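Enquirer: File name upload-v3.txt; file contents compact mmCIF, C-alpha atoms and all ligand atoms; full text below.
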```
# COMPACT_ATOMS: atom_id res chain seq x y z
CA MET J 1 90.29 119.44 66.05
CA THR J 2 92.75 118.27 63.43
CA ASP J 3 95.77 116.08 64.09
CA PRO J 4 98.53 117.69 66.18
CA ARG J 5 101.26 119.34 64.10
CA VAL J 6 103.27 120.71 67.03
CA ALA J 7 104.47 118.82 70.09
CA ILE J 8 104.93 120.70 73.35
CA ILE J 9 107.06 118.71 75.76
CA MET J 10 108.29 119.73 79.19
CA GLY J 11 110.48 118.15 81.81
CA SER J 12 108.05 118.29 84.72
CA PRO J 13 104.37 118.90 85.44
CA ASN J 14 105.70 121.86 87.42
CA ASP J 15 106.70 123.45 84.10
CA TRP J 16 103.11 123.64 82.89
CA ASP J 17 102.39 127.07 84.33
CA SER J 18 105.22 128.48 82.22
CA MET J 19 104.45 126.38 79.14
CA ARG J 20 100.67 126.66 78.97
CA GLY J 21 101.04 129.90 77.01
CA ALA J 22 102.52 127.90 74.14
CA GLU J 23 99.39 125.77 73.93
CA GLU J 24 97.11 128.80 74.26
CA THR J 25 98.97 130.63 71.50
CA LEU J 26 98.80 127.67 69.13
CA GLU J 27 95.12 127.23 69.92
CA ARG J 28 94.46 130.86 69.08
CA LEU J 29 96.14 130.31 65.72
CA GLY J 30 94.09 127.17 65.07
CA ILE J 31 97.08 124.82 65.30
CA ALA J 32 96.53 121.51 67.07
CA CYS J 33 99.25 120.38 69.44
CA ASP J 34 100.18 117.38 71.54
CA VAL J 35 101.26 118.31 75.08
CA ARG J 36 103.40 115.86 77.06
CA VAL J 37 105.47 115.72 80.22
CA ILE J 38 108.71 114.06 79.15
CA SER J 39 111.95 114.30 81.07
CA ALA J 40 115.24 113.55 79.37
CA HIS J 41 116.66 112.17 82.62
CA ARG J 42 113.63 110.87 84.55
CA THR J 43 111.77 109.34 81.60
CA PRO J 44 114.43 108.78 78.93
CA GLN J 45 112.54 105.94 77.25
CA ARG J 46 109.39 108.02 77.06
CA LEU J 47 111.41 110.61 75.17
CA THR J 48 112.97 108.22 72.66
CA SER J 49 109.73 106.39 71.97
CA PHE J 50 107.79 109.64 71.53
CA LEU J 51 110.38 110.99 69.12
CA ALA J 52 110.70 107.73 67.20
CA SER J 53 107.12 108.12 65.94
CA ALA J 54 106.63 111.90 66.14
CA GLU J 55 107.30 112.63 62.48
CA GLU J 56 105.17 109.79 61.16
CA ASN J 57 102.42 110.92 63.54
CA GLY J 58 102.34 114.29 61.79
CA ILE J 59 104.42 116.38 64.18
CA GLU J 60 106.32 119.11 62.31
CA VAL J 61 107.85 121.13 65.14
CA VAL J 62 108.78 120.27 68.73
CA ILE J 63 108.72 122.89 71.48
CA ALA J 64 110.73 121.72 74.49
CA GLY J 65 110.62 123.57 77.82
CA ALA J 66 112.87 122.67 80.73
CA GLY J 67 114.58 124.23 83.70
CA GLY J 68 117.79 123.61 85.63
CA ALA J 69 120.47 121.73 83.71
CA ALA J 70 118.06 121.83 80.80
CA HIS J 71 119.11 119.12 78.37
CA LEU J 72 115.60 118.22 77.15
CA ALA J 73 115.71 120.37 74.00
CA GLY J 74 119.22 119.24 73.10
CA VAL J 75 118.52 115.55 73.62
CA THR J 76 115.30 115.94 71.68
CA ALA J 77 117.18 117.55 68.79
CA ALA J 78 119.65 114.66 68.85
CA HIS J 79 116.81 112.21 68.22
CA THR J 80 114.93 113.97 65.44
CA ILE J 81 115.49 116.17 62.42
CA LEU J 82 112.32 118.11 63.20
CA PRO J 83 112.95 121.73 64.22
CA VAL J 84 113.33 121.92 67.99
CA LEU J 85 112.43 125.16 69.75
CA GLY J 86 113.87 125.31 73.24
CA VAL J 87 112.31 127.27 76.07
CA PRO J 88 114.54 127.69 79.14
CA LEU J 89 112.51 127.79 82.34
CA ASP J 90 113.00 129.56 85.63
CA SER J 91 112.63 126.64 88.02
CA SER J 92 115.95 126.56 89.84
CA PRO J 93 117.89 128.72 92.29
CA LEU J 94 119.69 130.23 89.27
CA GLN J 95 116.36 131.58 87.98
CA GLY J 96 116.61 130.18 84.49
CA PHE J 97 120.10 131.40 83.70
CA ASP J 98 121.35 127.82 83.93
CA ALA J 99 118.57 126.62 81.62
CA LEU J 100 119.23 129.46 79.19
CA LEU J 101 122.89 128.55 78.83
CA ALA J 102 122.20 124.83 78.65
CA THR J 103 119.62 125.35 75.91
CA VAL J 104 121.34 128.00 73.84
CA GLN J 105 124.89 126.64 74.00
CA MET J 106 124.38 123.54 71.90
CA PRO J 107 127.62 122.26 70.45
CA LYS J 108 127.96 122.43 66.68
CA GLY J 109 125.94 119.92 64.67
CA ILE J 110 122.70 119.61 66.65
CA PRO J 111 120.82 122.91 66.62
CA VAL J 112 118.21 124.08 69.10
CA ALA J 113 116.47 127.40 68.46
CA THR J 114 116.39 129.05 71.87
CA PHE J 115 113.76 131.47 73.13
CA ALA J 116 113.44 133.80 76.11
CA VAL J 117 113.31 132.36 79.61
CA GLY J 118 109.82 131.51 80.84
CA LYS J 119 106.38 132.55 79.66
CA ALA J 120 107.51 134.99 76.95
CA GLY J 121 109.69 132.28 75.47
CA ALA J 122 106.87 129.73 75.54
CA ALA J 123 104.50 132.07 73.69
CA ASN J 124 107.18 133.12 71.21
CA ALA J 125 108.16 129.52 70.52
CA ALA J 126 104.53 128.86 69.58
CA LEU J 127 104.51 131.92 67.29
CA PHE J 128 107.74 130.73 65.73
CA ALA J 129 106.29 127.26 65.20
CA ALA J 130 103.36 128.93 63.47
CA ALA J 131 105.76 130.92 61.29
CA ILE J 132 107.41 127.66 60.21
CA LEU J 133 104.07 126.07 59.37
CA ALA J 134 102.92 129.25 57.62
CA ARG J 135 105.55 128.77 54.90
CA SER J 136 103.46 125.96 53.44
CA ASP J 137 100.03 126.56 54.94
CA GLU J 138 98.08 129.57 53.79
CA SER J 139 95.49 129.33 56.59
CA VAL J 140 98.19 129.44 59.28
CA ARG J 141 99.78 132.37 57.45
CA LYS J 142 96.46 134.22 57.54
CA GLN J 143 96.02 133.48 61.25
CA LEU J 144 99.50 134.76 61.99
CA ILE J 145 98.90 137.99 60.08
CA GLU J 146 95.60 138.48 61.92
CA PHE J 147 97.36 137.85 65.24
CA ARG J 148 99.92 140.55 64.45
CA GLU J 149 97.22 142.98 63.38
CA ALA J 150 95.18 142.38 66.55
CA GLN J 151 98.31 142.78 68.67
CA THR J 152 99.11 146.10 67.00
CA ALA J 153 95.53 147.33 67.35
CA ALA J 154 95.58 146.52 71.06
CA VAL J 155 98.44 148.93 71.77
CA PRO J 156 97.01 152.29 72.88
CA GLU J 157 98.50 155.46 71.45
CA ARG J 158 98.69 156.98 74.93
CA PRO J 159 98.99 155.37 78.36
C1 LIG J 201 113.62 119.92 84.88
O1 LIG J 201 113.84 120.06 86.24
C2 LIG J 201 112.20 120.33 84.66
O2 LIG J 201 112.08 120.88 83.39
C3 LIG J 201 111.91 121.32 85.74
O3 LIG J 201 111.93 122.66 85.26
C4 LIG J 201 113.04 121.10 86.73
C5 LIG J 201 112.56 120.74 88.11
O4 LIG J 201 111.64 119.69 88.03
P1 LIG J 201 110.77 119.26 89.31
O5 LIG J 201 111.76 118.78 90.33
O6 LIG J 201 110.02 120.50 89.75
O7 LIG J 201 109.85 118.19 88.82
O8 LIG J 201 113.82 118.63 84.46
```
Re-express the file's structure as structure tokens.
Ligand code: RP5

Expert:
Amino acid sequence: MTDPRVAIIMGSPNDWDSMRGAEETLERLGIACDVRVISAHRTPQRLTSFLASAEENGIEVVIAGAGGAAHLAGVTAAHTILPVLGVPLDSSPLQGFDALLATVQMPKGIPVATFAVGKAGAANAALFAAAILARSDESVRKQLIEFREAQTAAVPERP
């Protein structure tokens, strides 16, 4: 496998069931990724040290999944100019609505691209990361086109 170009970070090991689809999607598109558990509040130093070297380590996009008062994507975006794709997760009594608002409502100046709550968002964040890479990588572009074609072909004309 080549060097990771996408980082997938999540606030808790308990987020992995929701976030594994991001890794699977990137794998299907032939994009190497680095998957880490990093919490903005429980492991703040892990976050800053990971982000301090992410760009020089070849990371081009960061996907950040978190639930509850989900500040991981926002804090990540504050520490890097890499594109940050936020995935709100359904891990609290508010069923992800809290995480959705926390992720999408970034104050002006530090953007986080926010995806759907949960597994759909994780997979779509990976597809979006691929779309970013595809702008300058013809092989990723081809993989993405093939993915779309296979997805279309898999939809039956009748139920
Ligand atoms: C967030 O708190 C994590 O992203 C997770 O979704 C949520 C709950 O974490 P655990 O208490 O299950 O580890 O930081």

Enquirer: Can you pull out the residues contacting Glu56 of chain J? Cut-off 12 Å, using only C-alpha atoms, and skip same-chain residues under 6 positions away; I want them as a PDB file with C-alpha atoms, keeping the file's coordinate frame.

Expert:
```pdb
ATOM      1  CA  ASP J   3      95.770 116.080  64.090  1.00  0.00           C
ATOM      2  CA  PRO J   4      98.530 117.690  66.180  1.00  0.00           C
ATOM      3  CA  ARG J   5     101.260 119.340  64.100  1.00  0.00           C
ATOM      4  CA  PHE J  50     107.790 109.640  71.530  1.00  0.00           C
ATOM      5  CA  THR J  80     114.930 113.970  65.440  1.00  0.00           C
ATOM      6  CA  LEU J  82     112.320 118.110  63.200  1.00  0.00           C
TER       7      LEU J  82
END
```

Enquirer: Would you list the contacts of His79 of chain J as a PDB file with C-alpha atoms, keeping the file's coordinate frame, taking every protein, DNA or RNA residue within 10 Å and counting only C-alpha atoms, but skipping same-chain residues closer than 5 positions in sequence?

Expert:
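Saved result, part_27.pdb, follows:
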```pdb
ATOM      1  CA  LEU J  47     111.410 110.610  75.170  1.00  0.00           C
ATOM      2  CA  THR J  48     112.970 108.220  72.660  1.00  0.00           C
ATOM      3  CA  SER J  49     109.730 106.390  71.970  1.00  0.00           C
ATOM      4  CA  PHE J  50     107.790 109.640  71.530  1.00  0.00           C
ATOM      5  CA  LEU J  51     110.380 110.990  69.120  1.00  0.00           C
ATOM      6  CA  ALA J  52     110.700 107.730  67.200  1.00  0.00           C
ATOM      7  CA  GLY J  74     119.220 119.240  73.100  1.00  0.00           C
ATOM      8  CA  ILE J 110     122.700 119.610  66.650  1.00  0.00           C
TER       9      ILE J 110
END
```

Enquirer: Distance limit 10 Å, reference ligand LIG 201 (chain J), atoms considered: only C-alpha atoms and all ligand atoms. Which residues make the cut? Give them as a PyMOL selection string.

Expert: chain J and resi 9-16+18+37-43+64-72+87-92+96+99

Enquirer: Quick one: of J:Val117, J:Ala150, J:Val140, J:Ala73, who's nearest to Leu29 of chain J, counting all atoms listed in the file?

Expert: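 Result for the nearest residue to Leu29 of chain J: J:Val140.
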
Enquirer: Would you please work out which residue, of J:Arg141, J:Glu149, J:Ile59, J:Val104, is nearest to Val35 of chain J when using only C-alpha atoms?

Expert: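 Of J:Arg141, J:Glu149, J:Ile59, J:Val104, the one nearest Val35 of chain J is J:Ile59, counting only C-alpha atoms.
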
Enquirer: Could you tell me how far atom CA of Glu146 of chain J sits from atom CA of Ala54 of chain J, in Å to one decimal place?

Expert: 29.1 Å

Enquirer: Fewer than 2 positions away in the same chain doesn't count, so skip those; otherwise give me all residues within 9 Å of Phe115 of chain J, counting all atoms listed in the file, as a PyMOL selection string.

Expert: chain J and resi 85-88+100+103-104+113+117-118+120-122+124-125

Enquirer: Work out how far apart atom CA of Leu94 of chain J and atom CA of Val62 of chain J are and give it in Å to one decimal.

Expert: 25.3 Å

Enquirer: Could you get me a file of segment 32-110 of chain J with C-alpha atoms, as a PDB file, in the first residue's frame, taken from the block above?

Expert:
```pdb
ATOM      1  CA  ALA J  32      -4.462   4.685   1.572  1.00  0.00           C
ATOM      2  CA  CYS J  33      -5.556   6.176   4.871  1.00  0.00           C
ATOM      3  CA  ASP J  34      -4.329   6.537   8.422  1.00  0.00           C
ATOM      4  CA  VAL J  35      -7.003   5.732  11.020  1.00  0.00           C
ATOM      5  CA  ARG J  36      -6.620   7.113  14.551  1.00  0.00           C
ATOM      6  CA  VAL J  37      -8.620   7.529  17.732  1.00  0.00           C
ATOM      7  CA  ILE J  38      -8.004  11.122  18.769  1.00  0.00           C
ATOM      8  CA  SER J  39     -10.230  13.053  21.126  1.00  0.00           C
ATOM      9  CA  ALA J  40     -10.116  16.831  21.198  1.00  0.00           C
ATOM     10  CA  HIS J  41     -10.885  16.837  24.923  1.00  0.00           C
ATOM     11  CA  ARG J  42      -9.499  13.517  26.220  1.00  0.00           C
ATOM     12  CA  THR J  43      -6.294  13.467  24.180  1.00  0.00           C
ATOM     13  CA  PRO J  44      -5.689  17.096  23.189  1.00  0.00           C
ATOM     14  CA  GLN J  45      -1.925  16.663  22.837  1.00  0.00           C
ATOM     15  CA  ARG J  46      -2.385  13.648  20.604  1.00  0.00           C
ATOM     16  CA  LEU J  47      -4.470  15.851  18.339  1.00  0.00           C
ATOM     17  CA  THR J  48      -2.015  18.739  18.133  1.00  0.00           C
ATOM     18  CA  SER J  49       0.998  16.513  17.608  1.00  0.00           C
ATOM     19  CA  PHE J  50      -0.771  14.479  14.915  1.00  0.00           C
ATOM     20  CA  LEU J  51      -1.822  17.614  13.073  1.00  0.00           C
ATOM     21  CA  ALA J  52       1.567  19.298  13.431  1.00  0.00           C
ATOM     22  CA  SER J  53       3.109  16.665  11.151  1.00  0.00           C
ATOM     23  CA  ALA J  54       0.089  15.521   9.108  1.00  0.00           C
ATOM     24  CA  GLU J  55       0.797  17.651   6.045  1.00  0.00           C
ATOM     25  CA  GLU J  56       4.498  16.836   5.910  1.00  0.00           C
ATOM     26  CA  ASN J  57       3.577  13.170   6.328  1.00  0.00           C
ATOM     27  CA  GLY J  58       1.574  13.335   3.106  1.00  0.00           C
ATOM     28  CA  ILE J  59      -1.944  13.739   4.481  1.00  0.00           C
ATOM     29  CA  GLU J  60      -4.104  15.808   2.105  1.00  0.00           C
ATOM     30  CA  VAL J  61      -7.544  15.541   3.691  1.00  0.00           C
ATOM     31  CA  VAL J  62      -8.714  14.879   7.255  1.00  0.00           C
ATOM     32  CA  ILE J  63     -12.025  13.151   7.976  1.00  0.00           C
ATOM     33  CA  ALA J  64     -13.090  13.744  11.579  1.00  0.00           C
ATOM     34  CA  GLY J  65     -15.988  11.842  13.149  1.00  0.00           C
ATOM     35  CA  ALA J  66     -17.329  12.651  16.600  1.00  0.00           C
ATOM     36  CA  GLY J  67     -20.517  12.555  18.608  1.00  0.00           C
ATOM     37  CA  GLY J  68     -22.021  14.596  21.430  1.00  0.00           C
ATOM     38  CA  ALA J  69     -20.648  18.123  21.748  1.00  0.00           C
ATOM     39  CA  ALA J  70     -18.593  17.310  18.687  1.00  0.00           C
ATOM     40  CA  HIS J  71     -15.719  19.770  18.571  1.00  0.00           C
ATOM     41  CA  LEU J  72     -13.152  17.391  17.033  1.00  0.00           C
ATOM     42  CA  ALA J  73     -13.627  18.558  13.434  1.00  0.00           C
ATOM     43  CA  GLY J  74     -13.615  22.226  14.409  1.00  0.00           C
ATOM     44  CA  VAL J  75     -10.535  21.985  16.599  1.00  0.00           C
ATOM     45  CA  THR J  76      -8.829  19.966  13.883  1.00  0.00           C
ATOM     46  CA  ALA J  77      -9.624  22.658  11.318  1.00  0.00           C
ATOM     47  CA  ALA J  78      -8.192  25.271  13.682  1.00  0.00           C
ATOM     48  CA  HIS J  79      -4.841  23.462  13.657  1.00  0.00           C
ATOM     49  CA  THR J  80      -4.414  22.783   9.955  1.00  0.00           C
ATOM     50  CA  ILE J  81      -5.145  24.281   6.560  1.00  0.00           C
ATOM     51  CA  LEU J  82      -5.897  20.829   5.164  1.00  0.00           C
ATOM     52  CA  PRO J  83      -9.546  20.333   4.190  1.00  0.00           C
ATOM     53  CA  VAL J  84     -11.460  18.932   7.164  1.00  0.00           C
ATOM     54  CA  LEU J  85     -14.538  16.817   6.516  1.00  0.00           C
ATOM     55  CA  GLY J  86     -16.689  16.482   9.609  1.00  0.00           C
ATOM     56  CA  VAL J  87     -18.923  13.509  10.290  1.00  0.00           C
ATOM     57  CA  PRO J  88     -21.408  14.021  13.144  1.00  0.00           C
ATOM     58  CA  LEU J  89     -22.097  10.773  14.981  1.00  0.00           C
ATOM     59  CA  ASP J  90     -25.145   9.430  16.748  1.00  0.00           C
ATOM     60  CA  SER J  91     -23.615   8.500  20.102  1.00  0.00           C
ATOM     61  CA  SER J  92     -25.564  10.601  22.570  1.00  0.00           C
ATOM     62  CA  PRO J  93     -29.105  10.845  23.911  1.00  0.00           C
ATOM     63  CA  LEU J  94     -29.735  13.538  21.270  1.00  0.00           C
ATOM     64  CA  GLN J  95     -29.062  10.982  18.522  1.00  0.00           C
ATOM     65  CA  GLY J  96     -26.517  13.002  16.616  1.00  0.00           C
ATOM     66  CA  PHE J  97     -28.484  16.227  16.392  1.00  0.00           C
ATOM     67  CA  ASP J  98     -26.093  17.803  18.888  1.00  0.00           C
ATOM     68  CA  ALA J  99     -23.086  16.605  16.892  1.00  0.00           C
ATOM     69  CA  LEU J 100     -24.641  17.813  13.639  1.00  0.00           C
ATOM     70  CA  LEU J 101     -25.104  21.339  14.962  1.00  0.00           C
ATOM     71  CA  ALA J 102     -21.697  21.427  16.630  1.00  0.00           C
ATOM     72  CA  THR J 103     -19.999  20.311  13.422  1.00  0.00           C
ATOM     73  CA  VAL J 104     -21.949  22.323  10.881  1.00  0.00           C
ATOM     74  CA  GLN J 105     -22.217  25.589  12.818  1.00  0.00           C
ATOM     75  CA  MET J 106     -18.575  26.590  12.699  1.00  0.00           C
ATOM     76  CA  PRO J 107     -18.106  30.299  13.239  1.00  0.00           C
ATOM     77  CA  LYS J 108     -16.772  32.273  10.283  1.00  0.00           C
ATOM     78  CA  GLY J 109     -13.098  31.816   9.462  1.00  0.00           C
ATOM     79  CA  ILE J 110     -12.469  28.138  10.200  1.00  0.00           C
TER      80      ILE J 110
END
```
